[in-house]
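Text of coords.cif (mmCIF, C-alpha atoms) as supplied:
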data_input
loop_
_atom_site.label_atom_id
_atom_site.label_comp_id
_atom_site.auth_asym_id
_atom_site.auth_seq_id
_atom_site.Cartn_x
_atom_site.Cartn_y
_atom_site.Cartn_z
CA MET Q 1040 13.52 -2.98 26.35
CA ARG Q 1041 16.79 -4.86 26.72
CA ILE Q 1042 17.47 -8.20 25.13
CA PRO Q 1043 18.13 -10.85 27.82
CA ILE Q 1044 21.50 -12.62 27.65
CA LEU Q 1045 21.64 -16.00 29.41
CA LYS Q 1046 24.73 -17.88 30.57
CA LEU Q 1047 24.86 -21.62 29.94
CA TYR Q 1048 28.12 -23.26 31.15
CA ASP Q 1049 30.85 -21.39 29.24
CA CYS Q 1050 28.48 -20.02 26.59
CA LEU Q 1051 26.04 -17.17 26.31
CA LEU Q 1052 22.58 -17.63 24.81
CA VAL Q 1053 20.59 -14.85 23.20
CA SER Q 1054 17.16 -15.23 21.64
CA ILE Q 1055 15.88 -12.11 19.93
CA GLN Q 1056 12.11 -12.29 20.30
CA TRP Q 1057 10.82 -9.00 18.94
CA GLU Q 1058 11.41 -6.54 16.14
CA LEU Q 1059 14.64 -4.65 16.75
CA ASP Q 1060 14.68 -0.89 16.73
CA ASP Q 1061 18.00 0.95 16.33
CA GLN Q 1062 18.46 1.76 20.02
CA THR Q 1063 17.72 -1.78 21.21
CA ALA Q 1064 20.18 -3.15 18.65
CA LEU Q 1065 22.98 -0.81 19.75
CA GLN Q 1066 22.23 -1.43 23.43
CA PHE Q 1067 22.42 -5.17 22.77
CA GLN Q 1068 25.85 -4.74 21.14
CA GLU Q 1069 27.19 -3.12 24.30
CA ASP Q 1070 25.39 -5.48 26.70
CA LEU Q 1071 26.74 -8.59 24.94
CA LEU Q 1072 30.35 -7.39 25.08
CA HIS Q 1073 30.05 -6.52 28.79
CA LYS Q 1074 28.49 -9.92 29.48
CA ILE Q 1075 31.32 -11.71 27.64
CA HIS Q 1076 33.81 -9.75 29.74
CA GLU Q 1077 31.93 -10.42 32.98
CA THR Q 1078 31.42 -14.17 32.49
CA SER Q 1079 34.59 -15.03 30.50
CA ALA Q 1080 32.32 -16.86 28.07
CA ASN Q 1081 34.13 -18.20 25.02
CA GLY Q 1082 31.09 -18.79 22.83
CA VAL Q 1083 27.81 -17.06 22.01
CA VAL Q 1084 24.71 -18.28 20.18
CA ILE Q 1085 22.34 -15.62 18.85
CA ASP Q 1086 19.01 -17.10 17.80
CA LEU Q 1087 16.99 -15.17 15.23
CA THR Q 1088 14.06 -17.60 14.81
CA SER Q 1089 11.47 -14.94 15.69
CA ILE Q 1090 12.95 -12.24 13.46
CA ASP Q 1091 11.03 -11.79 10.20
CA PHE Q 1092 13.22 -9.18 8.50
CA ILE Q 1093 16.73 -7.75 8.80
CA ASP Q 1094 17.64 -4.45 7.18
CA SER Q 1095 21.14 -3.18 6.43
CA PHE Q 1096 21.41 -1.35 9.76
CA ILE Q 1097 20.56 -4.41 11.88
CA ALA Q 1098 22.86 -6.51 9.66
CA LYS Q 1099 25.71 -4.07 10.30
CA VAL Q 1100 25.10 -4.07 14.06
CA LEU Q 1101 25.05 -7.89 14.07
CA GLY Q 1102 28.15 -8.19 11.89
CA ASP Q 1103 29.96 -5.65 14.07
CA VAL Q 1104 29.08 -7.37 17.35
CA ILE Q 1105 30.37 -10.67 15.92
CA SER Q 1106 33.71 -9.02 15.01
CA MET Q 1107 33.89 -7.27 18.38
CA SER Q 1108 33.23 -10.55 20.23
CA LYS Q 1109 35.96 -12.19 18.15
CA LEU Q 1110 38.38 -9.46 19.21
CA MET Q 1111 37.59 -10.31 22.80
CA GLY Q 1112 38.13 -14.02 22.16
CA ALA Q 1113 34.56 -15.30 21.91
CA LYS Q 1114 33.06 -17.11 18.93
CA VAL Q 1115 29.53 -16.32 17.79
CA VAL Q 1116 27.10 -18.60 15.97
CA ILE Q 1117 23.90 -17.17 14.44
CA THR Q 1118 20.94 -19.56 14.33
CA GLY Q 1119 17.38 -19.72 13.05
CA ILE Q 1120 17.56 -17.37 10.06
CA GLN Q 1121 14.14 -17.67 8.35
CA PRO Q 1122 13.85 -18.29 4.58
CA ALA Q 1123 12.39 -14.80 3.99
CA VAL Q 1124 15.25 -13.23 5.94
CA ALA Q 1125 17.91 -15.18 4.01
CA ILE Q 1126 16.34 -14.14 0.68
CA THR Q 1127 16.05 -10.45 1.53
CA LEU Q 1128 19.57 -10.26 3.02
CA ILE Q 1129 21.14 -11.68 -0.15
CA GLU Q 1130 18.99 -9.44 -2.38
CA LEU Q 1131 20.10 -6.47 -0.29
CA GLY Q 1132 23.66 -7.52 -1.05
CA ILE Q 1133 24.55 -8.64 2.47
CA GLY Q 1134 26.09 -12.12 2.61
CA LEU Q 1135 27.32 -12.09 6.22
CA GLU Q 1136 30.31 -14.10 4.98
CA ASP Q 1137 32.67 -15.53 7.58
CA VAL Q 1138 29.78 -15.69 10.04
CA LEU Q 1139 29.14 -19.09 11.63
CA THR Q 1140 25.52 -20.13 11.21
CA ALA Q 1141 23.32 -23.12 12.03
CA LEU Q 1142 19.72 -24.10 11.29
CA ASP Q 1143 18.50 -24.00 14.89
CA LEU Q 1144 19.60 -23.44 18.46
CA GLU Q 1145 20.46 -27.11 19.03
CA LYS Q 1146 22.70 -27.31 15.95
CA GLY Q 1147 24.15 -23.92 16.87
CA LEU Q 1148 25.28 -25.16 20.28
CA GLU Q 1149 26.79 -28.29 18.66
CA LYS Q 1150 28.65 -26.14 16.14
CA LEU Q 1151 29.96 -23.92 18.90
CA GLN Q 1152 31.25 -26.93 20.86
CA GLN Q 1153 33.05 -28.19 17.73
CA GLU Q 1154 34.55 -24.76 17.10
CA LEU Q 1155 35.70 -24.48 20.69
CA GLY Q 1156 37.20 -27.96 20.41
CA ASP Q 1157 35.61 -29.98 23.16
CA MET B 902 -7.04 3.73 -8.13
CA SER B 903 -4.99 4.05 -4.99
CA ILE B 904 -5.56 4.35 -1.26
CA GLN B 905 -2.81 5.98 0.75
CA SER B 906 -1.57 6.13 4.34
CA CYS B 907 1.52 7.94 5.56
CA VAL B 908 4.01 8.12 8.41
CA THR B 909 6.08 11.23 9.11
CA ILE B 910 9.73 10.33 9.74
CA ILE B 911 11.43 12.47 12.38
CA ASN B 912 13.06 10.00 14.76
CA GLU B 913 14.17 6.35 14.94
CA TRP B 914 10.78 5.21 16.28
CA ASP B 915 9.08 6.50 13.15
CA ILE B 916 11.19 4.02 11.15
CA VAL B 917 9.58 1.21 13.19
CA ALA B 918 6.11 2.74 12.66
CA ALA B 919 6.65 3.02 8.89
CA ARG B 920 7.69 -0.60 8.48
CA GLN B 921 4.81 -1.80 10.67
CA LEU B 922 2.38 0.14 8.47
CA GLY B 923 3.97 -1.37 5.36
CA ARG B 924 3.87 -4.89 6.73
CA ASN B 925 0.20 -4.55 7.70
CA VAL B 926 -0.77 -3.27 4.25
CA ALA B 927 1.31 -6.00 2.57
CA LYS B 928 -0.45 -8.66 4.68
CA GLU B 929 -3.84 -7.15 3.90
CA LEU B 930 -3.13 -7.24 0.18
CA GLY B 931 -2.22 -10.92 0.41
CA PHE B 932 1.57 -10.78 -0.10
CA GLY B 933 3.43 -13.92 1.07
CA THR B 934 6.00 -13.91 3.88
CA VAL B 935 8.98 -13.41 1.55
CA ASP B 936 7.41 -10.40 -0.20
CA GLN B 937 6.31 -9.04 3.19
CA ALA B 938 9.96 -9.22 4.31
CA ARG B 939 11.12 -7.54 1.06
CA ILE B 940 8.61 -4.70 1.48
CA THR B 941 9.35 -4.24 5.20
CA THR B 942 13.10 -4.18 4.52
CA ALA B 943 12.73 -1.70 1.65
CA ILE B 944 10.63 0.65 3.83
CA SER B 945 13.18 0.39 6.61
CA GLU B 946 16.04 1.38 4.28
CA LEU B 947 14.12 4.32 2.79
CA ALA B 948 12.88 5.57 6.18
CA ARG B 949 16.38 5.35 7.63
CA ASN B 950 17.77 7.34 4.70
CA ILE B 951 15.25 10.10 5.44
CA TYR B 952 16.15 10.07 9.14
CA LEU B 953 19.92 10.03 8.48
CA TYR B 954 20.28 12.39 5.54
CA ALA B 955 17.21 14.65 5.41
CA GLY B 956 16.25 14.75 9.09
CA LYS B 957 12.57 14.86 8.23
CA GLY B 958 10.28 13.45 5.58
CA GLN B 959 7.43 11.13 4.86
CA ILE B 960 6.84 7.50 3.93
CA CYS B 961 3.51 6.84 2.23
CA ILE B 962 2.15 3.42 1.39
CA ASP B 963 -0.26 3.21 -1.55
CA LYS B 964 -2.46 0.27 -2.38
CA LEU B 965 -2.52 0.07 -6.15
CA ASN B 966 -5.07 -1.50 -8.40
CA ASP B 967 -4.08 -1.14 -12.01
CA ALA B 968 -6.38 -2.94 -14.44
CA GLY B 969 -6.92 -5.84 -12.06
CA LYS B 970 -3.26 -5.93 -11.01
CA ALA B 971 -2.80 -5.31 -7.30
CA GLY B 972 0.32 -3.83 -5.81
CA LEU B 973 1.91 -1.83 -3.04
CA ARG B 974 3.84 1.35 -3.65
CA ILE B 975 6.24 2.95 -1.19
CA HIS B 976 6.61 6.66 -1.68
CA ALA B 977 9.49 8.23 0.27
CA ALA B 978 9.69 12.01 0.14
CA ASP B 979 11.85 14.57 1.86
CA ASN B 980 12.96 18.18 1.46
CA GLY B 981 16.51 17.40 2.54
CA PRO B 982 19.81 18.26 0.87
CA GLY B 983 19.13 16.00 -2.13
CA ILE B 984 21.57 13.68 -3.85
CA ASN B 985 24.44 15.05 -5.93
CA ASP B 986 25.21 11.98 -7.96
CA ILE B 987 22.37 9.48 -8.22
CA ARG B 988 24.53 7.01 -10.12
CA GLN B 989 26.97 6.91 -7.22
CA VAL B 990 24.32 6.21 -4.54
CA MET B 991 22.95 3.38 -6.69
CA GLU B 992 26.33 1.62 -6.52
CA ASP B 993 26.70 -1.22 -4.04
CA GLY B 994 28.90 -0.29 -1.10
CA PHE B 995 28.73 3.48 -1.49
CA SER B 996 27.97 5.19 1.82
CA THR B 997 28.66 8.58 3.34
CA SER B 998 27.49 7.52 6.81
CA GLY B 999 29.64 4.49 7.62
CA GLY B 1000 26.78 2.12 6.78
CA LEU B 1001 27.00 -0.89 4.50
CA GLY B 1002 26.00 1.08 1.40
CA ALA B 1003 23.38 -1.56 0.64
CA GLY B 1004 20.32 0.68 1.02
CA LEU B 1005 19.24 2.11 -2.33
CA PRO B 1006 20.63 -0.55 -4.71
CA GLY B 1007 19.20 -3.11 -2.28
CA VAL B 1008 15.74 -1.51 -2.35
CA LYS B 1009 15.85 -1.57 -6.16
CA ARG B 1010 16.56 -5.32 -6.10
CA LEU B 1011 13.91 -6.05 -3.45
CA MET B 1012 11.11 -4.25 -5.29
CA ASP B 1013 9.74 -4.65 -8.86
CA ASP B 1014 9.77 -0.99 -9.97
CA PHE B 1015 12.06 1.72 -8.64
CA HIS B 1016 12.08 5.39 -9.46
CA ILE B 1017 14.24 8.10 -7.91
CA GLU B 1018 14.22 11.85 -8.42
CA SER B 1019 16.46 14.21 -6.54
CA GLU B 1020 17.54 17.80 -6.78
CA THR B 1021 20.43 19.23 -4.80
CA GLY B 1022 19.05 21.58 -2.17
CA SER B 1023 15.40 20.67 -2.58
CA GLY B 1024 14.98 17.02 -1.68
CA THR B 1025 14.48 13.48 -2.84
CA GLN B 1026 11.47 11.49 -4.03
CA ILE B 1027 11.61 7.73 -4.33
CA LYS B 1028 8.81 5.47 -5.52
CA ALA B 1029 9.19 1.71 -5.29
CA THR B 1030 6.46 -0.77 -6.21
CA LYS B 1031 5.88 -4.45 -5.56
CA TRP B 1032 3.21 -6.20 -7.61
CA LEU B 1033 1.13 -9.07 -6.27
CA ARG B 1034 1.83 -12.19 -8.31
#

Would you encode the structure as structure tokens?
Amino acid sequence: MRIPILKLYDCLLVSIQWELDDQTALQFQEDLLHKIHETSANGVVIDLTSIDFIDSFIAKVLGDVISMSKLMGAKVVITGIQPAVAITLIELGIGLEDVLTALDLEKGLEKLQQELGD
Amino acid sequence: MSIQSCVTIINEWDIVAARQLGRNVAKELGFGTVDQARITTAISELARNIYLYAGKGQICIDKLNDAGKAGLRIHAADNGPGINDIRQVMEDGFSTSGGLGAGLPGVKRLMDDFHIESETGSGTQIKATKWLR
């Protein structure tokens, strides 16, 4: 199953609603970059509210897609990381430094607007 | 006393099956959401290692009851190429596959007990336990 990517003005909105397997994660990476290209979006919010664990593979795919989006000229904000996910990521040794984050979707969109300067 | 259930790891979908089994057992035993996430993540790392490096193996989940202390043990076993230098794979950031190199040292931090045995040419056995507090 593919993860839906929605366009909202000049931003893209992604809400990951189910447990990611490797293929879905890699497919999402490609889909998001194509969608950025297609829509000329300059910002992306990826909401992880429904995700209850992130392993090192998913973390790498997420980190990579953020860097790839940046190369294309789009900023990414990650929102909704659950307490259990934050704890396990840090214990795994993955800090996702330099990644823009916000508590929820609403704050994520605000942060993106600030970053994009309007 | 222990009760065991296993998942054979051959493809990527088996990684999903193994962590679902682990999460269900963790829930059943009464682990909280943070420990459930730790256990699920640890299983995911170990199952992916089997898939990536050994090609085939098994993840077994044991319910432990040791003198009134309840726990969950992950047993990852494969007959793959084994690990040459265990000290090296337990270092943060070491990877031969282009990954983050967070897997094994990460699993050790996520779980309470961690035990690894490996012989070049004959495979790897990892046991990692989380105790219910």

Set out as a tab-separated table a contact list for chain B and chain Q with a cut-off of 8 Å, giving each residue of chain B that qualifies its closest atom pair and distance in Å to one decimal, counting all atoms listed in the file, ordered by chain and rising residue number.
residue	atom	partner	partner_atom	distance
B:Glu913	CA	Q:Asp1061	CA	6.8
B:Trp914	CA	Q:Asp1060	CA	7.3
B:Val917	CA	Q:Asp1060	CA	6.6
B:Thr934	CA	Q:Ala1123	CA	6.5
B:Val935	CA	Q:Ala1123	CA	4.4
B:Asp936	CA	Q:Ala1123	CA	7.9
B:Ala938	CA	Q:Phe1092	CA	5.3
B:Arg939	CA	Q:Thr1127	CA	5.7
B:Thr941	CA	Q:Phe1092	CA	7.1
B:Thr942	CA	Q:Asp1094	CA	5.3
B:Ala943	CA	Q:Asp1094	CA	7.9
B:Ser945	CA	Q:Asp1094	CA	6.6
B:Glu946	CA	Q:Asp1094	CA	6.7
B:Asp993	CA	Q:Gly1132	CA	7.6
B:Gly1000	CA	Q:Phe1096	CA	7.1
B:Leu1001	CA	Q:Ser1095	CA	6.6
B:Ala1003	CA	Q:Leu1131	CA	6.0
B:Gly1004	CA	Q:Ser1095	CA	6.7
B:Pro1006	CA	Q:Leu1131	CA	7.4
B:Gly1007	CA	Q:Leu1131	CA	4.0
B:Val1008	CA	Q:Leu1131	CA	6.9
B:Arg1010	CA	Q:Glu1130	CA	6.1
B:Leu1011	CA	Q:Glu1130	CA	6.2

| Counting all atoms listed in the file, the residue of Q:Ala1064, Q:Ile1075, Q:Val1083, Q:Leu1155 that sits nearest Cys1050 (chain Q) |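 So, comparing all the options, the nearest one is Q:Val1083.
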
| said: Taking all atoms listed in the file into account, name the residue in B:Arg924, B:Lys1009, B:Lys964, B:Lys970 that is nearest to Leu947 (chain B). | reply: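 Checking each of B:Arg924, B:Lys1009, B:Lys964, B:Lys970 against Leu947 (chain B), counting all atoms listed in the file, the winner is B:Lys1009.
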
| Applied to the shown file, which residues does the PyMOL selection byres ((chain B and resi 985) around 12) return, written as a list in words? | Gly981, Pro982, Gly983, Ile984, Asp986, Ile987, Arg988, Gln989, Val990, Met991, Glu1018, Ser1019, Glu1020, Thr1021, Gly1022, Ser1023, Gly1024 and Thr1025 of chain B

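Computed from the coordinates, the CA of Ile962 (chain B) to CA of Ile975 (chain B) distance equals 4.9 Å.
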
Resolved residues for the PyMOL selection byres ((chain Q and resi 1068) around 10) as a compact mmCIF listing (two decimals) with C-alpha atoms, keeping the file's coordinate frame:
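Now in selection-v3.txt:
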# COMPACT_ATOMS: atom_id res chain seq x y z
CA ILE Q 1042 17.47 -8.20 25.13
CA GLN Q 1062 18.46 1.76 20.02
CA THR Q 1063 17.72 -1.78 21.21
CA ALA Q 1064 20.18 -3.15 18.65
CA LEU Q 1065 22.98 -0.81 19.75
CA GLN Q 1066 22.23 -1.43 23.43
CA PHE Q 1067 22.42 -5.17 22.77
CA GLU Q 1069 27.19 -3.12 24.30
CA ASP Q 1070 25.39 -5.48 26.70
CA LEU Q 1071 26.74 -8.59 24.94
CA LEU Q 1072 30.35 -7.39 25.08
CA HIS Q 1073 30.05 -6.52 28.79
CA VAL Q 1100 25.10 -4.07 14.06
CA LEU Q 1101 25.05 -7.89 14.07
CA ASP Q 1103 29.96 -5.65 14.07
CA VAL Q 1104 29.08 -7.37 17.35
CA ILE Q 1105 30.37 -10.67 15.92
CA MET Q 1107 33.89 -7.27 18.38
CA SER Q 1108 33.23 -10.55 20.23

| task | Write out as a ChimeraX atom specification each polymer residue whose atoms come within 10 Å of Ser998 (chain B), counting only C-alpha atoms; drop sequence neighbours fewer than 4 positions from it. | result | /B:950,953-954,1002

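Across B:Leu1005, B:Ile940, B:Ala978, B:Ala948, the tightest approach to Lys1031 (chain B) is made by B:Ile940 when counting only C-alpha atoms.
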
| field | Distance of CA of Arg1041 (chain Q) from CA of Ile1117 (chain Q), expressed in Å to one decimal place | value | 18.8 Å

| message | Between CA of Ile910 (chain B) and CA of Asp1014 (chain B), what distance in Å does the model show, to one decimal? | response |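 Separation of CA of Ile910 (chain B) and CA of Asp1014 (chain B): 22.7 Å.
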
With the file shown as input, list the residues that the PyMOL selection byres ((chain Q and resi 1112) around 10) selects, as a PDB file with C-alpha atoms, keeping the file's coordinate frame.
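The resulting file, part_33.pdb, is reproduced below:
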ATOM      1  CA  ILE Q1075      31.320 -11.710  27.640  1.00  0.00           C
ATOM      2  CA  HIS Q1076      33.810  -9.750  29.740  1.00  0.00           C
ATOM      3  CA  SER Q1079      34.590 -15.030  30.500  1.00  0.00           C
ATOM      4  CA  ALA Q1080      32.320 -16.860  28.070  1.00  0.00           C
ATOM      5  CA  ASN Q1081      34.130 -18.200  25.020  1.00  0.00           C
ATOM      6  CA  GLY Q1082      31.090 -18.790  22.830  1.00  0.00           C
ATOM      7  CA  SER Q1106      33.710  -9.020  15.010  1.00  0.00           C
ATOM      8  CA  MET Q1107      33.890  -7.270  18.380  1.00  0.00           C
ATOM      9  CA  SER Q1108      33.230 -10.550  20.230  1.00  0.00           C
ATOM     10  CA  LYS Q1109      35.960 -12.190  18.150  1.00  0.00           C
ATOM     11  CA  LEU Q1110      38.380  -9.460  19.210  1.00  0.00           C
ATOM     12  CA  MET Q1111      37.590 -10.310  22.800  1.00  0.00           C
ATOM     13  CA  ALA Q1113      34.560 -15.300  21.910  1.00  0.00           C
ATOM     14  CA  LYS Q1114      33.060 -17.110  18.930  1.00  0.00           C
ATOM     15  CA  VAL Q1115      29.530 -16.320  17.790  1.00  0.00           C
TER      16      VAL Q1115
END

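Minimum atom-to-atom distances from B:Gln937, B:Cys961, B:Phe932, B:Ile944 to Thr909 (chain B) were compared using only C-alpha atoms, and the lowest value belongs to B:Cys961.
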
| message | Using all atoms listed in the file, which protein or nucleic acid residues come within 10 Å of region 1140-1148 of chain Q? Drop anything in the same chain fewer than 3 positions from it, and give the result as a ChimeraX atom specification. | response | /Q:1050,1052-1054,1082-1088,1115-1121,1135-1137,1151-1154

Kindly output region 927-939 of chain B as a CSV table (one decimal), keeping the file's coordinate frame, after building N, CA and C atoms.
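What ended up in out-v5.csv:
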chain,number,residue,atom,x,y,z
B,927,ALA,N,0.9,-4.9,3.4
B,927,ALA,CA,1.3,-6.0,2.6
B,927,ALA,C,0.5,-7.3,2.9
B,928,LYS,N,0.3,-7.5,4.2
B,928,LYS,CA,-0.4,-8.7,4.7
B,928,LYS,C,-1.9,-8.6,4.2
B,929,GLU,N,-2.5,-7.4,4.3
B,929,GLU,CA,-3.8,-7.2,3.9
B,929,GLU,C,-4.0,-7.4,2.4
B,930,LEU,N,-3.0,-7.1,1.6
B,930,LEU,CA,-3.1,-7.2,0.2
B,930,LEU,C,-2.9,-8.7,-0.2
B,931,GLY,N,-2.4,-9.5,0.7
B,931,GLY,CA,-2.2,-10.9,0.4
B,931,GLY,C,-0.8,-11.3,0.0
B,932,PHE,N,0.2,-10.4,0.2
B,932,PHE,CA,1.6,-10.8,-0.1
B,932,PHE,C,2.0,-11.9,0.8
B,933,GLY,N,2.9,-12.8,0.3
B,933,GLY,CA,3.4,-13.9,1.1
B,933,GLY,C,4.5,-13.4,2.0
B,934,THR,N,5.0,-14.3,2.8
B,934,THR,CA,6.0,-13.9,3.9
B,934,THR,C,7.3,-13.3,3.3
B,935,VAL,N,7.7,-13.9,2.1
B,935,VAL,CA,9.0,-13.4,1.6
B,935,VAL,C,8.8,-12.0,1.0
B,936,ASP,N,7.7,-11.8,0.3
B,936,ASP,CA,7.4,-10.4,-0.2
B,936,ASP,C,7.2,-9.4,0.9
B,937,GLN,N,6.5,-9.9,2.0
B,937,GLN,CA,6.3,-9.0,3.2
B,937,GLN,C,7.7,-8.6,3.7
B,938,ALA,N,8.6,-9.5,3.8
B,938,ALA,CA,10.0,-9.2,4.3
B,938,ALA,C,10.7,-8.2,3.4
B,939,ARG,N,10.5,-8.5,2.0
B,939,ARG,CA,11.1,-7.5,1.1
B,939,ARG,C,10.6,-6.1,1.2
